[in-house]
>>> print(open('data.cif').read())   # mmCIF, C-alpha atoms and all ligand atoms
data_coords
loop_
_atom_site.label_atom_id
_atom_site.label_comp_id
_atom_site.auth_asym_id
_atom_site.auth_seq_id
_atom_site.Cartn_x
_atom_site.Cartn_y
_atom_site.Cartn_z
CA MET A 4 13.37 7.98 15.88
CA PRO A 5 15.46 4.84 15.02
CA PRO A 6 17.79 5.17 12.02
CA ALA A 7 16.19 4.31 8.68
CA LEU A 8 16.77 0.90 7.23
CA GLU A 9 17.89 0.41 3.63
CA LEU A 10 18.26 -2.65 1.41
CA ARG A 11 21.27 -2.55 -0.92
CA PRO A 12 22.49 -5.08 -3.47
CA VAL A 13 25.50 -7.13 -2.43
CA ASP A 14 28.40 -6.12 -4.67
CA ASN A 15 32.17 -5.74 -4.66
CA THR A 16 31.96 -2.97 -2.03
CA ASN A 17 30.16 -4.92 0.68
CA TRP A 18 30.29 -8.68 0.15
CA GLN A 19 33.12 -9.16 2.64
CA ALA A 20 31.26 -7.24 5.36
CA VAL A 21 28.18 -9.37 4.66
CA THR A 22 30.17 -12.58 5.20
CA ARG A 23 31.18 -11.31 8.65
CA LEU A 24 27.57 -11.01 9.87
CA ARG A 25 26.67 -13.80 12.31
CA VAL A 26 23.61 -15.16 14.06
CA THR A 27 23.97 -16.54 17.60
CA LYS A 28 25.41 -20.02 18.11
CA GLU A 29 21.90 -21.31 19.01
CA GLN A 30 20.49 -19.92 15.74
CA GLU A 31 23.05 -21.57 13.46
CA ASP A 32 20.64 -24.39 12.52
CA TYR A 33 18.06 -21.84 11.39
CA VAL A 34 19.89 -20.25 8.48
CA ALA A 35 22.87 -21.01 6.24
CA SER A 36 25.93 -18.81 6.63
CA ASN A 37 26.04 -15.73 4.43
CA THR A 38 29.24 -17.03 2.84
CA TRP A 39 27.37 -20.15 1.75
CA SER A 40 24.40 -18.13 0.52
CA LEU A 41 26.59 -15.80 -1.56
CA LEU A 42 28.34 -18.79 -3.10
CA GLN A 43 24.96 -20.33 -3.91
CA ALA A 44 23.79 -17.05 -5.47
CA ALA A 45 26.91 -16.97 -7.64
CA HIS A 46 25.85 -20.30 -9.13
CA GLU A 47 22.07 -19.87 -9.13
CA PRO A 48 21.36 -16.58 -10.88
CA TRP A 49 17.68 -16.43 -9.84
CA LEU A 50 18.81 -15.77 -6.25
CA LYS A 51 19.23 -12.08 -5.47
CA PRO A 52 21.30 -11.14 -2.41
CA LEU A 53 20.52 -7.96 -0.48
CA ALA A 54 22.32 -6.40 2.48
CA ILE A 55 20.25 -4.78 5.22
CA TYR A 56 21.83 -1.43 6.14
CA VAL A 57 21.22 0.74 9.17
CA ALA A 58 23.07 4.03 9.65
CA GLY A 59 25.41 3.20 6.76
CA SER A 60 26.51 -0.23 8.02
CA PRO A 61 25.35 -3.71 6.99
CA ILE A 62 23.50 -5.47 9.83
CA GLY A 63 21.67 -8.22 8.01
CA PHE A 64 21.22 -10.25 4.85
CA ILE A 65 18.43 -11.42 2.57
CA LEU A 66 18.41 -13.84 -0.36
CA TRP A 67 15.30 -13.96 -2.46
CA GLY A 68 14.03 -14.63 -5.96
CA ARG A 69 11.56 -16.45 -8.15
CA LYS A 70 12.46 -20.11 -8.18
CA PRO A 71 12.54 -21.43 -11.74
CA SER A 72 11.41 -24.94 -10.72
CA ASP A 73 8.09 -23.82 -9.16
CA GLY A 74 7.62 -20.25 -10.39
CA ARG A 75 7.07 -18.98 -6.83
CA LEU A 76 8.68 -15.94 -5.21
CA TRP A 77 10.77 -17.15 -2.24
CA LEU A 78 12.48 -15.40 0.61
CA MET A 79 15.22 -18.01 0.85
CA ARG A 80 17.46 -16.54 3.57
CA PHE A 81 16.88 -13.84 6.13
CA MET A 82 19.16 -12.93 9.02
CA VAL A 83 20.03 -10.03 11.28
CA ASP A 84 23.44 -9.99 12.97
CA ALA A 85 23.28 -11.12 16.61
CA HIS A 86 24.33 -7.65 17.82
CA ALA A 87 21.48 -5.94 15.98
CA GLN A 88 18.64 -8.35 16.81
CA GLY A 89 15.58 -7.44 18.85
CA LEU A 90 15.60 -3.80 17.74
CA GLY A 91 12.89 -4.04 15.12
CA TYR A 92 15.19 -4.23 12.09
CA GLY A 93 14.11 -7.75 11.11
CA GLY A 94 10.48 -6.68 11.12
CA ASP A 95 11.22 -3.55 9.10
CA ALA A 96 13.28 -5.50 6.55
CA LEU A 97 10.49 -8.06 6.17
CA ASP A 98 7.93 -5.29 5.65
CA GLU A 99 10.13 -3.85 2.91
CA MET A 100 10.41 -7.26 1.23
CA ILE A 101 6.63 -7.67 1.33
CA HIS A 102 6.34 -4.22 -0.23
CA ARG A 103 8.84 -5.15 -2.96
CA ALA A 104 7.10 -8.45 -3.66
CA ARG A 105 3.81 -6.62 -4.07
CA ALA A 106 5.45 -3.93 -6.21
CA GLU A 107 6.70 -6.55 -8.61
CA GLY A 108 3.20 -7.93 -8.98
CA ALA A 109 3.70 -11.19 -7.10
CA ASP A 110 0.51 -12.85 -5.85
CA ALA A 111 2.29 -14.51 -2.93
CA LEU A 112 5.57 -14.63 -1.03
CA TYR A 113 6.90 -17.96 0.26
CA LEU A 114 9.48 -18.87 2.86
CA SER A 115 10.34 -21.76 5.15
CA TYR A 116 11.52 -21.93 8.73
CA VAL A 117 12.74 -24.50 11.21
CA PRO A 118 9.98 -25.42 13.73
CA GLY A 119 11.03 -24.18 17.16
CA ASN A 120 12.40 -20.91 15.79
CA ALA A 121 10.01 -18.91 17.96
CA VAL A 122 11.20 -15.45 16.89
CA ALA A 123 10.78 -16.28 13.21
CA GLU A 124 7.39 -17.89 13.84
CA ARG A 125 6.15 -14.80 15.64
CA LEU A 126 7.59 -12.42 13.08
CA TYR A 127 5.94 -14.23 10.17
CA SER A 128 2.59 -14.98 11.79
CA HIS A 129 2.18 -11.33 12.83
CA ARG A 130 2.47 -10.36 9.20
CA GLY A 131 -0.10 -12.85 8.00
CA PHE A 132 2.08 -15.72 6.78
CA VAL A 133 0.28 -19.05 7.07
CA PRO A 134 1.49 -22.65 6.68
CA THR A 135 0.93 -24.16 3.25
CA GLY A 136 1.08 -27.69 4.67
CA GLU A 137 4.35 -28.38 2.88
CA ILE A 138 7.48 -29.57 4.65
CA VAL A 139 10.77 -29.13 2.77
CA PRO A 140 14.18 -30.54 3.51
CA GLY A 141 16.52 -27.91 4.92
CA GLU A 142 18.32 -26.25 2.04
CA PRO A 143 21.13 -25.90 1.18
CA ALA A 144 22.88 -28.88 2.71
CA GLU A 145 25.58 -26.82 4.35
CA LEU A 146 25.23 -28.69 7.62
CA GLU A 147 25.48 -32.43 7.80
CA HIS A 148 21.91 -32.73 9.12
CA GLU A 149 19.75 -29.83 7.98
CA PRO A 150 16.45 -29.81 9.89
CA ASP A 151 13.22 -30.04 7.87
CA GLU A 152 11.43 -26.73 7.40
CA VAL A 153 7.77 -25.69 7.39
CA VAL A 154 6.65 -23.65 4.36
CA LEU A 155 4.72 -20.44 4.95
CA CYS A 156 2.97 -18.24 2.44
CA LEU A 157 1.72 -14.67 2.49
CA ARG A 158 -0.99 -13.95 -0.07
CA LEU A 159 -0.53 -10.56 -1.70
CA ALA A 160 -3.91 -9.58 -3.00
CA PRO A 161 -3.61 -6.59 -5.34
CA GLY A 162 -4.33 -3.34 -3.54
CA THR A 163 -3.82 -4.80 -0.04
CA ALA A 164 -1.86 -2.48 2.24
CA SER A 165 1.62 -3.77 3.21
C1 LIG B 201 14.52 -13.76 12.65
C2 LIG B 201 15.38 -12.49 12.70
C3 LIG B 201 15.81 -12.12 11.27
C4 LIG B 201 14.54 -11.36 13.31
O1 LIG B 201 15.32 -10.19 13.33
P1 LIG B 201 15.21 -9.09 14.50
O2 LIG B 201 15.86 -7.86 14.02
O3 LIG B 201 15.69 -9.68 15.77
O4 LIG B 201 13.61 -8.90 14.55
P2 LIG B 201 12.77 -7.79 15.30
O5 LIG B 201 13.62 -7.07 16.31
O6 LIG B 201 12.08 -7.01 14.26
O7 LIG B 201 11.75 -8.70 16.10
C5 LIG B 201 10.83 -9.51 15.38
C6 LIG B 201 9.77 -10.04 16.32
O8 LIG B 201 10.36 -11.01 17.19
C7 LIG B 201 10.29 -10.56 18.54
N1 LIG B 201 11.58 -10.87 19.15
C8 LIG B 201 12.78 -10.38 18.78
N2 LIG B 201 13.76 -10.94 19.52
C9 LIG B 201 13.13 -11.79 20.37
C10 LIG B 201 13.57 -12.68 21.39
N3 LIG B 201 14.87 -12.80 21.67
N4 LIG B 201 12.66 -13.41 22.03
C11 LIG B 201 11.35 -13.31 21.75
N5 LIG B 201 10.85 -12.49 20.78
C12 LIG B 201 11.74 -11.75 20.12
C13 LIG B 201 10.03 -9.08 18.48
O9 LIG B 201 9.31 -8.65 19.61
C14 LIG B 201 9.22 -8.95 17.23
O10 LIG B 201 7.87 -9.30 17.48
P3 LIG B 201 6.66 -8.57 16.71
O11 LIG B 201 6.67 -9.08 15.28
O12 LIG B 201 5.49 -8.96 17.49
O13 LIG B 201 6.98 -7.09 16.78
C15 LIG B 201 16.63 -12.69 13.60
O14 LIG B 201 16.21 -13.09 14.90
C16 LIG B 201 17.61 -13.71 13.06
O15 LIG B 201 18.48 -13.40 12.26
N6 LIG B 201 17.47 -14.96 13.53
C17 LIG B 201 18.41 -16.02 13.11
C18 LIG B 201 18.20 -16.43 11.68
C19 LIG B 201 16.77 -16.81 11.41
O16 LIG B 201 16.13 -17.48 12.20
N7 LIG B 201 16.29 -16.38 10.24
C20 LIG B 201 14.97 -16.68 9.81
C21 LIG B 201 15.03 -17.94 9.04
S1 LIG B 201 13.42 -18.40 8.45
#
>>> encode(input="data.cif", output="structure tokens")
Amino acid sequence: MPPALELRPVDNTNWQAVTRLRVTKEQEDYVASNTWSLLQAAHEPWLKPLAIYVAGSPIGFILWGRKPSDGRLWLMRFMVDAHAQGLGYGGDALDEMIHRARAEGADALYLSYVPGNAVAERLYSHRGFVPTGEIVPGEPAELEHEPDEVVLCLRLAPGTAS
């Protein structure tokens, strides 16, 4: 059985390890660096950072929260370190986030992704996320030219299994 996955808050014990997690070079347009995301969370208190742990070590990162400007629950960042990808951890972490969103009574979970990110597209569509029709500018503007992103939504009807 694969080791169990845990989500832990990012705090003074693990923030440095989280900043050392990296996606592949080809994936760098798909997600902001964790250093950037932690800095953003320090200035935007609605954003909650979580570290994805497997066997006691951080292997991934999540940033999520309810955006004050639209009242929606957003999964703003989601990454698994290049060395730990393709092992099912991303899927497990996403399932746990869907469970948490439902547990806090949210009626929907939103996220956005860069078109062409085939792994993300597959991951989200297999869990029932569907396009809302919205296109948002890549955010935050860490890169000089952030690609536009397609917004997806998962409806969380009360009582639906996660
Ligand atoms: C997206 C990401 C978090 C997925 O994490 P992961 O641990 O590799 O995911 P999993 O191993 O659970 O695989 C997820 C799905 O993608 C598929 N997959 C994984 N790696 C793949 C690859 N290299 N090529 C094709 N499919 C792949 C898996 O088969 C699985 O499919 P399923 O849902 O049908 O079971 C990770 O690839 C990542 O960090 N990517 C860069 C950052 C990014 O794109 N973040 C999302 C921004 S919206």
>>> closest_residue(input="data.cif", among="A:Thr135, A:Ser72, A:Asn17, A:Gln88", to="ligand LIG 201 (chain B)", atoms="only C-alpha atoms and all ligand atoms")
A:Gln88
>>> closest_residue(input="data.cif", among="A:Leu66, A:Val83, A:Leu10, A:Val154", to="Arg23 in chain A", atoms="all atoms listed in the file")
A:Val83
>>> residues_near_ligand(input="data.cif", ligand="ligand LIG 201 (chain B)", cutoff="7 Å", atoms="all atoms listed in the file", output="ChimeraX atom specification")
/A:26,30,33-34,80-85,87-95,114-117,120-123,125-126,129
>>> axis_aligned_box(input="data.cif", around="range 53-58 of chain A", padding_each_side="4 Å", output="JSON")
{"center_x": 21.7, "center_y": -2.0, "center_z": 4.6, "size_x": 10.8, "size_y": 20.0, "size_z": 18.1}
>>> closest_residue(input="data.cif", among="A:Arg130, A:Gly136, A:Ala160, A:Trp67", to="Ala106 in chain A", atoms="all atoms listed in the file")
A:Ala160
>>> closest_residue(input="data.cif", among="A:Leu155, A:Leu76, A:Ala54, A:Ile62", to="Asp110 in chain A", atoms="only C-alpha atoms")
A:Leu76
>>> atom_distance(input="data.cif", atom1="CA of Leu42 in chain A", atom2="CA of Glu9 in chain A")
22.9 Å
>>> atom_distance(input="data.cif", atom1="CA of Glu149 in chain A", atom2="CA of Arg103 in chain A")
29.1 Å
>>> closest_residue(input="data.cif", among="A:Pro12, A:Pro6, A:Gly131, A:Gly108", to="Arg75 in chain A", atoms="only C-alpha atoms")
A:Gly108
>>> residues_near_point(input="data.cif", point="(5.8, -7.7, -2.5)", cutoff="12 Å", atoms="only C-alpha atoms", output="PyMOL selection string")
chain A and resi 67-69+76-78+96-113+156-165
>>> closest_residue(input="data.cif", among="A:Asp73, A:Gly119, A:Pro61, A:His46", to="Val13 in chain A", atoms="only C-alpha atoms")
A:Pro61
>>> atom_distance(input="data.cif", atom1="CA of Leu8 in chain A", atom2="CA of Gln43 in chain A")
25.3 Å
>>> residues_around(input="data.cif", residues="Asp151 in chain A", least_positions_apart="3", cutoff="6 Å", atoms="all atoms listed in the file", output="list in words")
Val139, Pro140 and Gly141 of chain A
>>> residues_around(input="data.cif", residues="Thr38 in chain A", least_positions_apart="5", cutoff="10 Å", atoms="only C-alpha atoms", output="PyMOL selection string")
chain A and resi 18-19+21-24+43-44
>>> decode(input="data.cif", residues="range 13-106 of chain A", atoms="C-alpha atoms", output="mmCIF file, in the first residue's frame")
data_model
loop_
_atom_site.group_PDB
_atom_site.id
_atom_site.type_symbol
_atom_site.label_atom_id
_atom_site.label_comp_id
_atom_site.auth_asym_id
_atom_site.auth_seq_id
_atom_site.Cartn_x
_atom_site.Cartn_y
_atom_site.Cartn_z
ATOM 1 C CA VAL A 13 2.793 25.751 6.261
ATOM 2 C CA ASP A 14 4.485 27.188 9.345
ATOM 3 C CA ASN A 15 7.905 28.021 10.749
ATOM 4 C CA THR A 16 8.904 24.327 10.707
ATOM 5 C CA ASN A 17 8.384 23.652 7.019
ATOM 6 C CA TRP A 18 8.188 26.825 4.932
ATOM 7 C CA GLN A 19 11.796 26.557 3.769
ATOM 8 C CA ALA A 20 11.323 22.962 2.609
ATOM 9 C CA VAL A 21 8.189 24.049 0.740
ATOM 10 C CA THR A 22 10.137 26.731 -1.149
ATOM 11 C CA ARG A 23 12.559 24.042 -2.357
ATOM 12 C CA LEU A 24 9.817 22.017 -4.104
ATOM 13 C CA ARG A 25 9.975 22.403 -7.887
ATOM 14 C CA VAL A 26 7.921 21.476 -10.924
ATOM 15 C CA THR A 27 9.724 20.528 -14.159
ATOM 16 C CA LYS A 28 11.161 23.269 -16.357
ATOM 17 C CA GLU A 29 8.344 22.655 -18.901
ATOM 18 C CA GLN A 30 5.703 23.127 -16.177
ATOM 19 C CA GLU A 31 7.005 26.472 -14.920
ATOM 20 C CA ASP A 32 4.358 28.421 -16.876
ATOM 21 C CA TYR A 33 1.610 26.409 -15.205
ATOM 22 C CA VAL A 34 2.058 27.477 -11.601
ATOM 23 C CA ALA A 35 3.773 30.262 -9.657
ATOM 24 C CA SER A 36 6.767 29.291 -7.537
ATOM 25 C CA ASN A 37 6.003 28.314 -3.960
ATOM 26 C CA THR A 38 8.186 31.192 -2.752
ATOM 27 C CA TRP A 39 5.951 33.613 -4.639
ATOM 28 C CA SER A 40 2.795 31.937 -3.366
ATOM 29 C CA LEU A 41 3.947 32.074 0.263
ATOM 30 C CA LEU A 42 4.799 35.746 -0.118
ATOM 31 C CA GLN A 43 1.354 36.365 -1.617
ATOM 32 C CA ALA A 44 -0.292 34.479 1.268
ATOM 33 C CA ALA A 45 1.612 36.630 3.756
ATOM 34 C CA HIS A 46 -0.060 39.701 2.253
ATOM 35 C CA GLU A 47 -3.471 38.241 1.385
ATOM 36 C CA PRO A 48 -4.777 36.598 4.541
ATOM 37 C CA TRP A 49 -7.659 34.773 2.796
ATOM 38 C CA LEU A 50 -5.091 32.493 1.121
ATOM 39 C CA LYS A 51 -4.289 29.389 3.156
ATOM 40 C CA PRO A 52 -1.089 27.500 2.320
ATOM 41 C CA LEU A 53 -0.894 23.742 2.858
ATOM 42 C CA ALA A 54 2.028 21.362 2.409
ATOM 43 C CA ILE A 55 1.365 17.905 0.967
ATOM 44 C CA TYR A 56 3.270 15.330 3.041
ATOM 45 C CA VAL A 57 4.058 11.727 2.206
ATOM 46 C CA ALA A 58 6.017 9.528 4.620
ATOM 47 C CA GLY A 59 6.874 12.561 6.766
ATOM 48 C CA SER A 60 8.329 14.718 3.972
ATOM 49 C CA PRO A 61 6.756 17.587 2.026
ATOM 50 C CA ILE A 62 6.254 16.674 -1.651
ATOM 51 C CA GLY A 63 3.751 19.272 -2.784
ATOM 52 C CA PHE A 64 1.959 22.520 -2.099
ATOM 53 C CA ILE A 65 -1.570 23.915 -2.160
ATOM 54 C CA LEU A 66 -2.892 27.453 -1.761
ATOM 55 C CA TRP A 67 -6.605 27.860 -1.349
ATOM 56 C CA GLY A 68 -9.260 30.043 0.214
ATOM 57 C CA ARG A 69 -12.473 31.966 -0.234
ATOM 58 C CA LYS A 70 -11.757 34.996 -2.364
ATOM 59 C CA PRO A 71 -13.242 38.111 -0.776
ATOM 60 C CA SER A 72 -13.909 39.805 -4.138
ATOM 61 C CA ASP A 73 -16.217 37.047 -5.480
ATOM 62 C CA GLY A 74 -17.085 34.965 -2.420
ATOM 63 C CA ARG A 75 -16.033 31.737 -4.189
ATOM 64 C CA LEU A 76 -13.811 28.988 -2.796
ATOM 65 C CA TRP A 77 -10.682 28.769 -4.991
ATOM 66 C CA LEU A 78 -7.881 26.279 -5.274
ATOM 67 C CA MET A 79 -5.367 28.911 -6.324
ATOM 68 C CA ARG A 80 -2.139 26.871 -6.524
ATOM 69 C CA PHE A 81 -1.514 23.163 -6.677
ATOM 70 C CA MET A 82 1.807 21.457 -7.358
ATOM 71 C CA VAL A 83 3.629 18.206 -6.727
ATOM 72 C CA ASP A 84 7.431 18.195 -6.806
ATOM 73 C CA ALA A 85 8.808 16.842 -10.108
ATOM 74 C CA HIS A 86 10.353 13.839 -8.314
ATOM 75 C CA ALA A 87 7.038 12.802 -6.795
ATOM 76 C CA GLN A 88 4.764 13.264 -9.828
ATOM 77 C CA GLY A 89 2.895 10.468 -11.558
ATOM 78 C CA LEU A 90 2.520 8.394 -8.385
ATOM 79 C CA GLY A 91 -1.050 9.315 -7.579
ATOM 80 C CA TYR A 92 -0.268 11.938 -4.921
ATOM 81 C CA GLY A 93 -1.748 14.830 -6.902
ATOM 82 C CA GLY A 94 -4.999 12.938 -7.313
ATOM 83 C CA ASP A 95 -5.113 12.008 -3.634
ATOM 84 C CA ALA A 96 -4.385 15.583 -2.549
ATOM 85 C CA LEU A 97 -7.131 16.902 -4.828
ATOM 86 C CA ASP A 98 -9.605 14.359 -3.427
ATOM 87 C CA GLU A 99 -8.743 15.553 0.075
ATOM 88 C CA MET A 100 -9.292 19.186 -0.943
ATOM 89 C CA ILE A 101 -12.675 18.311 -2.434
ATOM 90 C CA HIS A 102 -13.526 16.556 0.825
ATOM 91 C CA ARG A 103 -12.444 19.617 2.846
ATOM 92 C CA ALA A 104 -14.398 21.981 0.610
ATOM 93 C CA ARG A 105 -17.505 19.872 1.089
ATOM 94 C CA ALA A 106 -16.867 19.608 4.839
#
